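Inspection log for the structure reproduced underneath, given as structure tokens.
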Amino acid sequence: MDATSEQLIRRLIADDATAIGTLVEHAGTSDDPAVLTAAALVVPSWRPLLARAAAAAVLTRDRQLVDIAGAYLSGDAARALILARDHLAEHPNSLLVAHIAAASTRNH
């Protein structure tokens, strides 16, 4: 993930409306699973973005991110939280997964 994408995701987590719009726009041409997944979290029609993220996810870490977001967005907060906890045990610096886990906790 490039620095711009990482900054946009950080600002999304901080609920920066401008960054959210920019991130969604950026996702239109991105093949970065994290960018696509982050954008999927904030748009009503998230399935196409998450499908693109899944197709672009080569690393296990990225596939796990897509699975966690998919569980959360499908309304299975308990599953998302379990997957997120496992993921964070291996990748404690994954801010997007921590963000999804926090949202899952609120919705569980």
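Residues in the structure tokens are named by chain (A, B, ... in the order shown) and by number from 1 within that chain; ligands are numbered from 1 in the order shown.
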Using only C-alpha atoms, determine which residues lie at most 6 Å from Ala27 (chain A), disregarding the query and same-chain residues fewer than 3 positions distant; provide the list as number ranges by chain.
A: 24, 30, 36
Nearby residues (only C-alpha atoms) at most 9 Å from region 44-59 of chain A, same-chain spacing under 5 positions excluded, as a list of chain:residue names
A:Ala27, A:Gly28, A:Asp31, A:Asp32, A:Pro33, A:Ala34, A:Val35, A:Leu36, A:Thr37, A:Ala39, A:Gln64, A:Leu65, A:Val66, A:Asp67, A:Ala69, A:Gly70, A:Leu73
Nearest to Thr4 (chain A), chosen from A:Ala78, A:Leu23, A:Ile68, A:Ala17, with only C-alpha atoms counted in the distances:
A:Leu23
Among chain A, which residues carry a DSSP assignment of alpha helix (DSSP H), reported as an MDAnalysis selection string?
chainID A and resid 3:13 17:27 33:40 47:56 60:73 77:90 95:107
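Nearest residue to Leu41 (chain A), choosing from A:Leu88, A:Ala102, A:Arg79, A:Tyr72 and counting only C-alpha atoms: A:Tyr72.
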Rounded to one decimal place, report the CA of Val97 (chain A)-CA of Ala84 (chain A) distance in Å.
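Between these atoms lies a distance of 6.0 Å.
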Shell of 8 Å around Leu96 (chain A), only C-alpha atoms, local chain residues under 5 positions omitted, as a PyMOL selection string
chain A and resi 9+13+34+38
For Leu81 (chain A), which residue among A:His26, A:Arg106, A:Arg10, A:Arg61 is the nearest when counting only C-alpha atoms?
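Using only C-alpha atoms, the shortest distance to Leu81 (chain A) belongs to A:Arg106.
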Between A:His99, A:Asn93, A:Ser104, A:Ala40, which residue has the minimum interatomic distance to Asp76 (chain A), considering only C-alpha atoms?
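Result for the nearest residue to Asp76 (chain A): A:Ser104.
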